[in-house]
file input-v9.txt (compact mmCIF, C-alpha atoms)
# COMPACT_ATOMS: atom_id res chain seq x y z
CA MET A 1 0.00 0.00 0.00
CA ILE A 2 1.33 3.40 -0.95
CA THR A 3 1.37 6.15 1.69
CA ARG A 4 0.66 9.85 1.30
CA ARG A 5 4.38 10.50 1.46
CA GLY A 6 4.89 7.92 -1.26
CA ILE A 7 2.33 9.61 -3.53
CA GLY A 8 4.07 12.96 -3.18
CA PHE A 9 7.48 11.38 -3.68
CA ILE A 10 6.44 9.60 -6.88
CA ILE A 11 4.86 12.76 -8.28
CA THR A 12 8.17 14.53 -7.60
CA ALA A 13 10.14 11.73 -9.29
CA ILE A 14 7.90 11.89 -12.37
CA ALA A 15 8.33 15.65 -12.55
CA VAL A 16 12.13 15.29 -12.30
CA PHE A 17 12.03 12.60 -15.01
CA PHE A 18 10.26 14.91 -17.47
CA LEU A 19 12.59 17.75 -16.49
CA ALA A 20 15.62 15.55 -17.17
CA SER A 21 14.19 14.41 -20.51
CA THR A 22 13.59 18.01 -21.54
CA THR A 23 16.83 19.62 -20.34
CA ARG A 24 19.16 16.61 -20.75
CA VAL A 25 21.27 17.95 -17.88
CA GLY A 26 23.48 15.29 -16.31
CA TRP A 27 22.93 16.09 -12.66
CA VAL A 28 19.14 16.16 -13.22
CA HIS A 29 19.34 12.65 -14.72
CA LEU A 30 21.36 11.59 -11.69
CA ALA A 31 18.79 13.04 -9.28
CA ASP A 32 16.04 11.29 -11.20
CA ALA A 33 17.85 7.95 -10.95
CA VAL A 34 18.34 8.42 -7.19
CA LEU A 35 14.66 9.20 -6.70
CA TRP A 36 13.50 6.12 -8.58
CA GLY A 37 16.05 4.00 -6.74
CA ILE A 38 14.53 5.14 -3.43
CA VAL A 39 11.07 4.26 -4.75
CA LEU A 40 12.17 0.73 -5.70
CA VAL A 41 13.90 0.13 -2.36
CA SER A 42 10.89 1.44 -0.44
CA LEU A 43 8.61 -0.85 -2.44
CA ALA A 44 10.74 -3.97 -1.98
CA VAL A 45 11.61 -3.73 1.73
CA PRO A 46 8.06 -4.02 3.18
CA TRP A 47 7.29 -7.04 1.02
CA LEU A 48 10.52 -8.75 2.05
CA THR A 49 10.04 -7.89 5.72
CA MET A 50 6.61 -9.34 6.54
CA PRO A 51 6.82 -13.04 5.46
CA GLY A 52 7.63 -15.45 8.28
CA LEU A 53 6.56 -13.10 11.07
CA SER A 54 3.90 -13.68 13.72
CA ALA A 55 2.84 -11.70 16.81
CA SER A 56 0.98 -12.26 20.08
CA ARG A 57 -0.04 -9.88 22.86
CA ILE A 58 0.20 -10.30 26.62
CA LEU A 59 -1.58 -7.68 28.73
CA LYS A 60 -0.39 -7.64 32.32
CA ARG A 61 -3.17 -6.33 34.51
CA PRO A 62 -1.94 -4.04 37.28
CA THR A 63 -2.36 -4.91 40.94
CA ARG A 64 -3.51 -2.02 43.06
CA GLU A 65 -2.08 -1.51 46.53
CA GLY A 66 -4.20 -3.10 49.22
CA GLY A 67 -5.50 -5.88 46.98
CA ASP A 68 -8.91 -4.79 45.76
CA GLY A 69 -9.70 -8.22 44.31
CA LEU A 70 -10.87 -6.86 40.95
CA SER A 71 -10.19 -8.91 37.85
CA GLY A 72 -9.29 -5.93 35.65
CA PRO A 73 -7.72 -2.47 35.72
CA VAL A 74 -9.28 0.70 37.09
CA GLU A 75 -9.89 3.75 34.92
CA GLY A 76 -6.99 6.15 34.88
CA THR A 77 -4.39 3.42 35.43
CA SER A 78 -1.87 1.97 33.00
CA ALA A 79 -1.32 -1.70 32.27
CA PRO A 80 1.99 -3.07 30.93
CA VAL A 81 1.66 -4.82 27.59
CA ALA A 82 4.17 -7.10 25.86
CA ILE A 83 3.97 -8.02 22.18
CA ASP A 84 6.03 -11.08 21.22
CA VAL A 85 7.22 -10.94 17.60
CA GLU A 86 8.49 -14.25 16.19
CA ASN A 87 10.74 -14.37 13.13
CA ARG A 88 10.90 -17.78 11.47
CA TRP A 89 13.22 -16.66 8.66
CA TRP A 90 17.01 -16.86 8.69
CA LEU A 91 17.27 -13.11 8.01
CA PRO A 92 16.75 -10.45 10.71
CA ARG A 93 13.97 -7.88 10.24
CA PHE A 94 14.20 -4.16 10.80
CA LEU A 95 11.94 -1.14 11.46
CA LEU A 96 8.76 -2.94 12.51
CA LEU A 97 5.75 -1.18 14.02
CA ALA A 98 3.44 -3.22 16.29
CA ARG A 99 0.02 -1.64 16.86
CA PHE A 100 -3.51 -2.37 17.98
CA GLU A 101 -6.64 -0.32 18.69
CA THR A 102 -8.70 -0.15 21.87
CA GLU A 103 -12.37 0.78 21.75
CA VAL A 104 -14.79 1.73 24.51
CA ASN A 105 -18.21 3.32 24.05
CA GLY A 106 -17.46 4.00 20.40
CA VAL A 107 -14.19 5.83 21.16
CA ARG A 108 -11.11 4.29 19.52
CA ASN A 109 -7.45 4.81 20.50
CA ASP A 110 -4.45 3.66 18.52
CA GLN A 111 -1.66 2.01 20.52
CA ARG A 112 1.73 1.95 18.74
CA PHE A 113 4.99 0.25 19.71
CA LEU A 114 8.15 0.57 17.59
CA LYS A 115 10.55 -2.35 17.29
CA GLY A 116 13.93 -1.57 15.78
CA TRP A 117 14.82 -5.11 14.75
CA VAL A 118 13.90 -8.76 15.24
CA ARG A 119 16.66 -11.32 15.23
CA ALA A 120 16.73 -14.22 12.79
CA ARG A 121 14.92 -17.41 13.85
CA GLY A 122 13.98 -16.00 17.19
CA THR A 123 11.43 -14.05 19.22
CA SER A 124 11.72 -10.47 20.37
CA ASN A 125 9.57 -8.47 22.77
CA VAL A 126 7.99 -5.06 22.28
CA MET A 127 7.20 -3.53 25.68
CA GLY A 128 4.88 -0.64 26.40
CA GLU A 129 1.90 0.56 28.44
CA VAL A 130 -1.79 1.01 27.73
CA THR A 131 -3.65 3.68 29.70
CA PHE A 132 -7.38 3.20 30.24
CA GLN A 133 -8.99 6.62 30.60
CA ARG A 134 -12.62 5.43 30.71
CA ARG A 135 -14.45 2.70 32.56
CA GLY A 136 -16.48 0.19 30.57
CA ARG A 137 -16.08 -2.83 28.33
CA HIS A 138 -12.92 -2.26 26.32
CA VAL A 139 -12.26 -4.20 23.12
CA LEU A 140 -8.62 -4.75 22.26
CA GLU A 141 -8.37 -5.27 18.52
CA PRO A 142 -5.94 -7.88 17.07
CA VAL A 143 -2.25 -7.01 16.88
CA THR A 144 -1.04 -5.63 13.55
CA LEU A 145 2.58 -5.69 12.40
CA GLU A 146 3.48 -2.95 9.96
CA SER A 147 6.57 -2.30 7.86
CA ASN A 148 6.89 0.93 5.90
CA GLY A 149 10.46 0.52 4.72
CA PRO A 150 13.33 2.91 5.29
CA PHE A 151 11.57 5.96 3.82
CA GLY A 152 7.89 5.39 4.57
CA LEU A 153 6.75 5.50 0.93
CA PHE A 154 5.02 2.10 1.01
CA ARG A 155 3.77 -0.08 3.84
CA ARG A 156 2.59 -3.61 4.35
CA ARG A 157 0.50 -4.90 7.26
CA ARG A 158 -0.42 -8.27 8.70
CA THR A 159 -2.90 -8.91 11.52
CA PHE A 160 -2.55 -11.65 14.13
CA GLY A 161 -4.85 -13.05 16.81
CA ARG A 162 -8.41 -12.16 17.76
CA PRO A 163 -10.08 -9.25 19.55
CA GLU A 164 -10.01 -9.39 23.36
CA SER A 165 -12.55 -8.00 25.79
CA LEU A 166 -11.43 -6.28 28.98
CA THR A 167 -13.48 -4.75 31.79
CA VAL A 168 -12.18 -1.46 33.15
CA TYR A 169 -13.68 -0.53 36.50
CA PRO A 170 -14.60 2.95 37.74
CA ALA A 171 -12.01 4.79 39.79
CA TRP A 172 -12.61 4.52 43.51
CA ARG A 173 -10.99 5.52 46.77
CA HIS A 174 -10.74 3.57 49.98
CA ILE A 175 -13.04 4.85 52.72
CA ASP A 176 -13.80 3.21 56.06
CA ARG A 177 -17.48 4.04 56.28
CA VAL A 178 -20.36 5.83 54.57
CA GLY A 179 -20.86 8.68 56.98
CA LEU A 180 -23.50 10.30 54.80
CA LEU A 181 -25.81 7.33 55.44
CA GLU A 182 -24.90 7.30 59.10
CA ALA A 183 -25.92 10.95 59.37
CA VAL A 184 -29.49 10.24 58.34
CA MET A 185 -29.67 6.87 60.12
CA GLY A 186 -28.07 8.01 63.36
CA GLU A 187 -26.16 4.75 63.72
CA SER A 188 -23.04 3.00 62.50
CA GLU A 189 -22.92 1.59 59.00
CA GLY A 190 -22.48 -1.90 60.36
CA ARG A 191 -25.99 -1.88 61.85
CA ASN A 192 -29.33 -1.85 60.10
CA ARG A 193 -32.77 -1.04 61.34
CA ALA A 194 -35.72 -3.34 60.86
CA ARG A 195 -39.39 -3.28 61.78
CA THR A 196 -39.06 -6.33 64.02
CA GLY A 197 -36.35 -7.73 66.27
CA THR A 198 -35.21 -8.05 69.87
CA GLU A 199 -32.83 -5.13 70.49
CA VAL A 200 -34.22 -1.63 70.08
CA ALA A 201 -31.90 0.50 67.91
CA GLY A 202 -33.94 3.70 67.73
CA SER A 203 -37.21 5.11 66.51
CA ARG A 204 -38.72 6.80 63.47
CA ARG A 205 -42.01 8.35 62.39
CA TYR A 206 -45.01 6.06 62.12
CA VAL A 207 -46.09 5.21 58.57
CA ALA A 208 -49.06 3.24 57.32
CA GLY A 209 -48.45 -0.49 57.67
CA ASP A 210 -46.33 -0.36 60.83
CA PRO A 211 -47.61 -2.75 63.53
CA TYR A 212 -49.21 -1.06 66.54
CA ARG A 213 -47.17 -3.20 68.92
CA SER A 214 -44.03 -1.40 67.67
CA ILE A 215 -45.23 2.06 68.70
CA HIS A 216 -42.67 3.80 70.90
CA TRP A 217 -45.04 5.31 73.46
CA LYS A 218 -42.43 7.28 75.42
CA ASN A 219 -41.00 8.98 72.35
CA SER A 220 -44.48 9.57 70.95
CA ALA A 221 -45.53 11.36 74.13
CA ARG A 222 -42.31 13.36 74.25
CA THR A 223 -42.31 14.50 70.60
CA GLY A 224 -46.04 14.85 70.14
CA SER A 225 -46.09 12.65 67.02
CA THR A 226 -46.46 8.91 66.69
CA THR A 227 -43.14 7.09 66.43
CA VAL A 228 -42.33 3.38 66.17
CA LYS A 229 -39.43 1.33 67.46
CA GLU A 230 -36.66 0.12 65.17
CA PHE A 231 -34.55 -2.93 65.88
CA ASP A 232 -31.14 -4.23 64.93
CA SER A 233 -31.47 -6.64 62.05
CA TRP A 234 -28.24 -8.34 61.05
CA SER A 235 -30.08 -10.20 58.27
CA GLU A 236 -31.14 -7.03 56.44
CA ARG A 237 -27.99 -5.05 55.69
CA SER A 238 -29.00 -3.97 52.24
CA VAL A 239 -28.22 -0.56 50.75
CA THR A 240 -29.73 0.46 47.43
CA VAL A 241 -27.56 2.69 45.26
CA ALA A 242 -29.74 4.63 42.82
CA ILE A 243 -28.09 6.45 39.90
CA ASP A 244 -30.14 8.81 37.76
CA THR A 245 -29.33 8.14 34.09
CA SER A 246 -32.30 9.97 32.57
CA ILE A 247 -30.20 13.10 32.01
CA ILE A 248 -26.39 13.02 31.83
CA LEU A 249 -24.64 16.37 32.24
CA GLY A 250 -21.01 17.11 31.37
CA GLU A 251 -18.63 15.65 28.81
CA GLY A 252 -16.14 12.78 28.59
CA ALA A 253 -14.99 11.54 31.97
CA GLU A 254 -16.41 14.64 33.71
CA THR A 255 -20.11 13.74 33.64
CA THR A 256 -22.68 13.19 36.35
CA LEU A 257 -22.81 9.50 35.39
CA GLU A 258 -19.05 9.02 35.77
CA TYR A 259 -19.05 10.90 39.08
CA SER A 260 -21.92 8.72 40.29
CA ALA A 261 -20.08 5.53 39.35
CA ARG A 262 -16.91 6.59 41.22
CA LEU A 263 -18.79 7.67 44.33
CA ALA A 264 -20.92 4.50 44.29
CA ALA A 265 -17.82 2.32 43.93
CA SER A 266 -16.18 4.04 46.91
CA ALA A 267 -19.32 3.72 49.04
CA ALA A 268 -19.97 0.07 48.22
CA ARG A 269 -16.58 -1.12 49.45
CA PRO A 270 -17.05 -0.49 53.22
CA ILE A 271 -20.68 -1.66 53.14
CA ILE A 272 -19.73 -5.03 51.65
CA ARG A 273 -16.65 -5.37 53.84
CA GLN A 274 -18.95 -5.08 56.86
CA GLN A 275 -20.92 -8.05 55.50
CA GLY A 276 -23.65 -5.95 53.98
CA ASP A 277 -24.96 -6.09 50.44
CA VAL A 278 -25.53 -3.46 47.79
CA ARG A 279 -27.87 -3.38 44.83
CA LEU A 280 -27.88 -0.99 41.92
CA ALA A 281 -30.95 0.88 40.71
CA ALA A 282 -30.46 2.55 37.32
CA ASN A 283 -32.16 2.89 33.94
CA GLY A 284 -35.49 2.19 35.62
CA LEU A 285 -34.40 -1.25 36.89
CA LEU A 286 -33.78 -2.44 40.44
CA GLY A 287 -30.94 -4.97 40.44
CA THR A 288 -30.27 -7.90 42.70
CA ALA A 289 -28.33 -7.55 45.95
CA CYS A 290 -24.56 -8.05 45.64
CA SER A 291 -22.61 -9.29 48.64
CA ASN A 292 -19.44 -9.49 46.52
CA TRP A 293 -17.72 -6.24 45.57
CA GLN A 294 -16.52 -7.67 42.26
CA ASP A 295 -20.12 -8.32 41.19
CA PHE A 296 -21.22 -4.80 42.07
CA MET A 297 -18.21 -3.29 40.30
CA ASP A 298 -19.05 -5.35 37.20
CA GLU A 299 -22.48 -3.71 37.18
CA LEU A 300 -20.98 -0.25 37.56
CA ALA A 301 -18.42 -0.90 34.82
CA SER A 302 -21.11 -1.88 32.33
CA LEU A 303 -23.56 0.88 33.32
CA GLU A 304 -24.45 3.03 30.32
CA PRO A 305 -27.47 5.26 29.71
CA VAL A 306 -30.19 3.99 27.42
CA ASP A 307 -32.39 6.04 25.14
CA SER A 308 -35.22 7.68 27.06
CA ALA A 309 -33.99 6.16 30.33
CA PRO A 310 -36.57 6.41 33.15
CA GLY A 311 -35.73 8.60 36.13
CA LEU A 312 -35.30 7.52 39.73
CA GLU A 313 -38.97 8.17 40.39
CA THR A 314 -39.83 4.95 38.52
CA VAL A 315 -37.74 2.62 40.68
CA VAL A 316 -37.17 4.05 44.17
CA PRO A 317 -40.87 3.87 45.19
CA GLN A 318 -40.35 0.09 45.38
CA LEU A 319 -38.40 0.58 48.61
CA GLY A 320 -40.28 0.21 51.88
CA PRO A 321 -39.88 1.62 55.41
CA GLY A 322 -36.58 0.69 57.03
CA ALA A 323 -34.69 0.48 53.72
CA ARG A 324 -31.49 2.42 53.12
CA LEU A 325 -30.93 4.40 49.95
CA LEU A 326 -27.93 6.27 48.57
CA ALA A 327 -29.14 8.29 45.56
CA PHE A 328 -27.26 10.30 42.92
CA THR A 329 -29.13 12.85 40.85
CA THR A 330 -29.13 16.47 39.66
CA PRO A 331 -31.12 19.41 41.07
CA GLY A 332 -33.11 19.77 37.84
CA GLN A 333 -34.73 16.35 38.20
CA SER A 334 -37.78 17.58 40.07
CA SER A 335 -39.65 14.27 39.82
CA ALA A 336 -36.69 12.37 41.28
CA ILE A 337 -36.29 14.94 44.08
CA ALA A 338 -39.97 14.64 44.95
CA ALA A 339 -39.75 10.82 44.96
CA LEU A 340 -36.72 10.86 47.26
CA ALA A 341 -38.43 13.30 49.63
CA GLY A 342 -41.49 11.05 49.69
CA LEU A 343 -39.36 8.04 50.61
CA SER A 344 -37.81 9.96 53.51
CA ARG A 345 -41.25 10.77 54.84
CA ARG A 346 -42.25 7.09 54.60
CA GLY A 347 -39.39 5.92 56.83
CA VAL A 348 -36.66 5.16 54.26
CA ALA A 349 -33.16 6.30 55.27
CA VAL A 350 -32.29 8.46 52.26
CA ALA A 351 -28.87 10.01 51.65
CA THR A 352 -28.70 12.08 48.46
CA VAL A 353 -25.76 13.36 46.43
CA LEU A 354 -26.67 16.30 44.17
CA PHE A 355 -24.40 17.35 41.32
CA GLU A 356 -23.99 21.06 40.74
CA GLY A 357 -21.90 23.13 38.32
CA PHE A 358 -22.28 20.90 35.25
CA THR A 359 -24.40 23.53 33.51
CA GLY A 360 -24.73 27.26 33.92
CA SER A 361 -28.00 27.13 35.86
CA ASP A 362 -28.09 23.97 37.97
CA SER A 363 -28.26 25.50 41.45
CA ALA A 364 -29.03 22.91 44.11
CA ALA A 365 -30.51 25.28 46.71
CA ALA A 366 -34.19 24.47 46.10
CA ALA A 367 -33.61 20.71 45.86
CA VAL A 368 -31.51 20.77 49.04
CA LEU A 369 -34.30 22.51 50.96
CA THR A 370 -36.91 20.02 49.74
CA LEU A 371 -34.82 17.00 50.71
CA GLN A 372 -33.75 18.38 54.07
CA GLN A 373 -37.31 19.20 55.06
CA ALA A 374 -38.24 15.59 54.29
CA GLY A 375 -35.39 14.24 56.45
CA SER A 376 -32.77 13.29 53.85
CA ALA A 377 -29.05 13.88 54.38
CA VAL A 378 -27.66 15.83 51.42
CA LEU A 379 -24.22 16.21 49.88
CA VAL A 380 -23.74 18.69 47.04
CA CYS A 381 -20.82 17.90 44.73
CA ARG A 382 -19.59 20.42 42.21
CA ARG A 383 -17.84 19.54 38.98
CA GLY A 384 -14.11 19.05 39.50
CA ALA A 385 -14.45 18.19 43.20
CA ILE A 386 -14.89 14.42 43.06
CA ASP A 387 -12.11 13.72 45.60
CA ASP A 388 -13.60 16.15 48.10
CA ALA A 389 -17.01 14.60 47.53
CA ILE A 390 -15.66 11.14 48.39
CA ALA A 391 -14.21 12.59 51.59
CA GLY A 392 -17.60 14.11 52.40
CA LEU A 393 -19.26 10.79 51.63
CA GLU A 394 -17.02 9.12 54.19
CA SER A 395 -17.16 11.69 56.96
CA GLY A 396 -20.76 12.85 56.60
CA GLU A 397 -19.59 15.87 58.57
CA GLY A 398 -22.42 18.37 58.89
CA ALA A 399 -24.70 16.24 56.70
CA ARG A 400 -27.37 15.55 59.29
CA VAL A 401 -30.98 16.09 58.44
CA ARG A 402 -30.91 19.88 58.40
CA PRO A 403 -27.39 21.05 57.43
CA VAL A 404 -25.99 20.38 53.96
CA VAL A 405 -22.40 19.84 52.88
CA THR A 406 -21.37 21.62 49.69
CA ILE A 407 -18.24 20.34 47.98
CA SER A 408 -16.54 22.86 45.67
CA PRO A 409 -13.04 22.82 44.13
CA ASP A 410 -12.10 26.03 45.96
CA ALA A 411 -13.61 25.73 49.39
CA GLY A 412 -13.85 22.01 50.18
CA ALA A 413 -16.66 21.18 52.64
CA VAL A 414 -18.77 24.13 53.69
CA ALA A 415 -21.94 23.88 55.79
CA ALA A 416 -24.78 25.91 54.34
call {"tool": "encode", "arguments": {"input": "input-v9.txt", "output": "structure tokens"}}
result
Amino acid sequence: MITRRGIGFIITAIAVFFLASTTRVGWVHLADAVLWGIVLVSLAVPWLTMPGLSASRILKRPTREGGDGLSGPVEGTSAPVAIDVENRWWLPRFLLLARFETEVNGVRNDQRFLKGWVRARGTSNVMGEVTFQRRGRHVLEPVTLESNGPFGLFRRRRTFGRPESLTVYPAWRHIDRVGLLEAVMGESEGRNRARTGTEVAGSRRYVAGDPYRSIHWKNSARTGSTTVKEFDSWSERSVTVAIDTSIILGEGAETTLEYSARLAASAARPIIRQQGDVRLAANGLLGTACSNWQDFMDELASLEPVDSAPGLETVVPQLGPGARLLAFTTPGQSSAIAALAGLSRRGVAVATVLFEGFTGSDSAAAAVLTLQQAGSAVLVCRRGAIDDAIAGLESGEGARVRPVVTISPDAGAVAA
């Protein structure tokens, strides 16, 4: 195959040929001969280089400190890759380019590795690194060996192997607890409240369907409203993580969906480590409970918005009193905000993360007030402040029922 450089070079050689034929100047004839000699060498070398070669790829998946137990890399990390090039001929080969493409969510990246020479009747290694900037199901295309000769006028390619699939997980950060949930629950993350049990853990407002025998008469008389007892239930440690995919704000890796995935991944780790389980609610579907972090991370890695995706208001009403919910949405989703506020009033422990600053007019003030009045703990995360938001998710500092924590790139955590 001729390259763009080769086309220009040949046009120049043809022009010099006609110039030499017209002028009959010796040095012009010499230049013309040199140009055509380069063309012939550039044409022959790629065809003589490729026969007898084969290639295979070995991707070494990185191990993160602390042993996260995931079977693949995390977004933003690099994985070492080795391409073995075998030469079965008795002549060495020179100036080889090994390459392959990676694709995720329709975005393709070309990975190139230059190999100066391959010894005769032997195998040589091409070492490099592949950086995964986005979570999701990555496809690694087959390895292609390319030779474009000494001058790059012509090239020849051969492809080896088959495409490989690789799961890249959302970036996450180790946290010890989900303080945002604790703020609204008033208890440690390792404990869960149920409607029945033996040890009283606290109380909450009475909602329709609660048994009369569970009424907390002392607290009801003291507060002036009917409250019911809640008990420790070590068999019901489920947290539902709801991600709003109906509207995705931002671009590339800086979107509300990507922020939600990273925050959810960080929150799920301590819950599962304390023998709890987590289930994902997104795209209008309520998933099954995951007691294994790998399973939950697989769901987050493959999470993508669908056309006309339903909002949170279609799935969160399935939760009943005593359930725990960690929700991620934007202030403009009025139906989702109303649904979350309704759950709080019905006895669901709701902690909400609102994303602000992804558009010019997405102020969270009104949504914060609505959720706080209903009893939800609220964390407001601004674009560019994902690390501070994870810290706020862990500490829950100031995120009780009334105060709100606002995370901004400039100010960190500020109570409003």
call {"tool": "closest_residue", "arguments": {"input": "input-v9.txt", "among": "A:Gly392, A:Pro305, A:Pro142, A:Gly122", "to": "Asn283 in chain A", "atoms": "only C-alpha atoms"}}
result
A:Pro305
call {"tool": "residues_around", "arguments": {"input": "input-v9.txt", "residues": "His216 in chain A", "least_positions_apart": "5", "cutoff": "8 Å", "atoms": "only C-alpha atoms", "output": "list in words"}}
result
Ser203, Thr226, Thr227, Val228 and Lys229 of chain A
call {"tool": "residues_around", "arguments": {"input": "input-v9.txt", "residues": "Thr12 in chain A", "least_positions_apart": "3", "cutoff": "12 Å", "atoms": "all atoms listed in the file", "output": "list of chain:residue names"}}
result
A:Arg5, A:Gly6, A:Ile7, A:Gly8, A:Phe9, A:Ala15, A:Val16, A:Phe17, A:Phe18, A:Leu19, A:Ala31, A:Asp32, A:Val34, A:Leu35, A:Trp36, A:Val39
call {"tool": "write_last_selection", "arguments": {"input": "input-v9.txt", "atoms": "C-alpha atoms", "output": "mmCIF file, in the coordinates of the input"}}
result
data_model
loop_
_atom_site.group_PDB
_atom_site.id
_atom_site.type_symbol
_atom_site.label_atom_id
_atom_site.label_comp_id
_atom_site.auth_asym_id
_atom_site.auth_seq_id
_atom_site.Cartn_x
_atom_site.Cartn_y
_atom_site.Cartn_z
ATOM 1 C CA ARG A 5 4.380 10.500 1.460
ATOM 2 C CA GLY A 6 4.890 7.920 -1.260
ATOM 3 C CA ILE A 7 2.330 9.610 -3.530
ATOM 4 C CA GLY A 8 4.070 12.960 -3.180
ATOM 5 C CA PHE A 9 7.480 11.380 -3.680
ATOM 6 C CA ALA A 15 8.330 15.650 -12.550
ATOM 7 C CA VAL A 16 12.130 15.290 -12.300
ATOM 8 C CA PHE A 17 12.030 12.600 -15.010
ATOM 9 C CA PHE A 18 10.260 14.910 -17.470
ATOM 10 C CA LEU A 19 12.590 17.750 -16.490
ATOM 11 C CA ALA A 31 18.790 13.040 -9.280
ATOM 12 C CA ASP A 32 16.040 11.290 -11.200
ATOM 13 C CA VAL A 34 18.340 8.420 -7.190
ATOM 14 C CA LEU A 35 14.660 9.200 -6.700
ATOM 15 C CA TRP A 36 13.500 6.120 -8.580
ATOM 16 C CA VAL A 39 11.070 4.260 -4.750
#
call {"tool": "residues_around", "arguments": {"input": "input-v9.txt", "residues": "range 70-85 of chain A", "least_positions_apart": "5", "cutoff": "8 Å", "atoms": "all atoms listed in the file", "output": "PyMOL selection string"}}
result
chain A and resi 53-63+98+118+123-135+166-171+294
call {"tool": "write_last_selection", "arguments": {"input": "input-v9.txt", "atoms": "C-alpha atoms", "output": "compact mmCIF listing (two decimals), in the coordinates of the input"}}
result
# COMPACT_ATOMS: atom_id res chain seq x y z
CA LEU A 53 6.56 -13.10 11.07
CA SER A 54 3.90 -13.68 13.72
CA ALA A 55 2.84 -11.70 16.81
CA SER A 56 0.98 -12.26 20.08
CA ARG A 57 -0.04 -9.88 22.86
CA ILE A 58 0.20 -10.30 26.62
CA LEU A 59 -1.58 -7.68 28.73
CA LYS A 60 -0.39 -7.64 32.32
CA ARG A 61 -3.17 -6.33 34.51
CA PRO A 62 -1.94 -4.04 37.28
CA THR A 63 -2.36 -4.91 40.94
CA ALA A 98 3.44 -3.22 16.29
CA VAL A 118 13.90 -8.76 15.24
CA THR A 123 11.43 -14.05 19.22
CA SER A 124 11.72 -10.47 20.37
CA ASN A 125 9.57 -8.47 22.77
CA VAL A 126 7.99 -5.06 22.28
CA MET A 127 7.20 -3.53 25.68
CA GLY A 128 4.88 -0.64 26.40
CA GLU A 129 1.90 0.56 28.44
CA VAL A 130 -1.79 1.01 27.73
CA THR A 131 -3.65 3.68 29.70
CA PHE A 132 -7.38 3.20 30.24
CA GLN A 133 -8.99 6.62 30.60
CA ARG A 134 -12.62 5.43 30.71
CA ARG A 135 -14.45 2.70 32.56
CA LEU A 166 -11.43 -6.28 28.98
CA THR A 167 -13.48 -4.75 31.79
CA VAL A 168 -12.18 -1.46 33.15
CA TYR A 169 -13.68 -0.53 36.50
CA PRO A 170 -14.60 2.95 37.74
CA ALA A 171 -12.01 4.79 39.79
CA GLN A 294 -16.52 -7.67 42.26
call {"tool": "atom_distance", "arguments": {"input": "input-v9.txt", "atom1": "CA of Ala341 in chain A", "atom2": "CA of Ser291 in chain A"}}
result
27.6 Å
call {"tool": "closest_residue", "arguments": {"input": "input-v9.txt", "among": "A:Thr23, A:Ser376, A:Asn105, A:Asn87", "to": "Trp117 in chain A", "atoms": "all atoms listed in the file"}}
result
A:Asn87
call {"tool": "residues_near_point", "arguments": {"input": "input-v9.txt", "point": "(-40.6, 0.3, 48.2)", "cutoff": "12 Å", "atoms": "all atoms listed in the file", "output": "PDB file with C-alpha atoms, in the frame of the given file"}}
result
ATOM      1  CA  THR A 240     -29.730   0.460  47.430  1.00  0.00           C
ATOM      2  CA  LEU A 286     -33.780  -2.440  40.440  1.00  0.00           C
ATOM      3  CA  GLU A 313     -38.970   8.170  40.390  1.00  0.00           C
ATOM      4  CA  THR A 314     -39.830   4.950  38.520  1.00  0.00           C
ATOM      5  CA  VAL A 315     -37.740   2.620  40.680  1.00  0.00           C
ATOM      6  CA  VAL A 316     -37.170   4.050  44.170  1.00  0.00           C
ATOM      7  CA  PRO A 317     -40.870   3.870  45.190  1.00  0.00           C
ATOM      8  CA  GLN A 318     -40.350   0.090  45.380  1.00  0.00           C
ATOM      9  CA  LEU A 319     -38.400   0.580  48.610  1.00  0.00           C
ATOM     10  CA  GLY A 320     -40.280   0.210  51.880  1.00  0.00           C
ATOM     11  CA  PRO A 321     -39.880   1.620  55.410  1.00  0.00           C
ATOM     12  CA  GLY A 322     -36.580   0.690  57.030  1.00  0.00           C
ATOM     13  CA  ALA A 323     -34.690   0.480  53.720  1.00  0.00           C
ATOM     14  CA  ARG A 324     -31.490   2.420  53.120  1.00  0.00           C
ATOM     15  CA  LEU A 325     -30.930   4.400  49.950  1.00  0.00           C
ATOM     16  CA  ALA A 339     -39.750  10.820  44.960  1.00  0.00           C
ATOM     17  CA  LEU A 340     -36.720  10.860  47.260  1.00  0.00           C
ATOM     18  CA  GLY A 342     -41.490  11.050  49.690  1.00  0.00           C
ATOM     19  CA  LEU A 343     -39.360   8.040  50.610  1.00  0.00           C
ATOM     20  CA  SER A 344     -37.810   9.960  53.510  1.00  0.00           C
ATOM     21  CA  ARG A 346     -42.250   7.090  54.600  1.00  0.00           C
ATOM     22  CA  GLY A 347     -39.390   5.920  56.830  1.00  0.00           C
ATOM     23  CA  VAL A 348     -36.660   5.160  54.260  1.00  0.00           C
ATOM     24  CA  ALA A 349     -33.160   6.300  55.270  1.00  0.00           C
TER      25      ALA A 349
END
call {"tool": "closest_residue", "arguments": {"input": "input-v9.txt", "among": "A:Phe151, A:Ala327, A:Arg88, A:Thr3", "to": "Leu280 in chain A", "atoms": "all atoms listed in the file"}}
result
A:Ala327
call {"tool": "closest_residue", "arguments": {"input": "input-v9.txt", "among": "A:Gln111, A:Thr102, A:Gln373, A:Thr159", "to": "Met50 in chain A", "atoms": "all atoms listed in the file"}}
result
A:Thr159
call {"tool": "residues_around", "arguments": {"input": "input-v9.txt", "residues": "Glu394 in chain A", "least_positions_apart": "6", "cutoff": "9 Å", "atoms": "all atoms listed in the file", "output": "list in words"}}
result
Ile175, Asp176, Arg177, Val178, Gly179, Leu180, Ser266 and Ala267 of chain A
call {"tool": "closest_residue", "arguments": {"input": "input-v9.txt", "among": "A:Ala365, A:Ile2, A:Ala44, A:Leu96", "to": "Phe113 in chain A", "atoms": "all atoms listed in the file"}}
result
A:Leu96
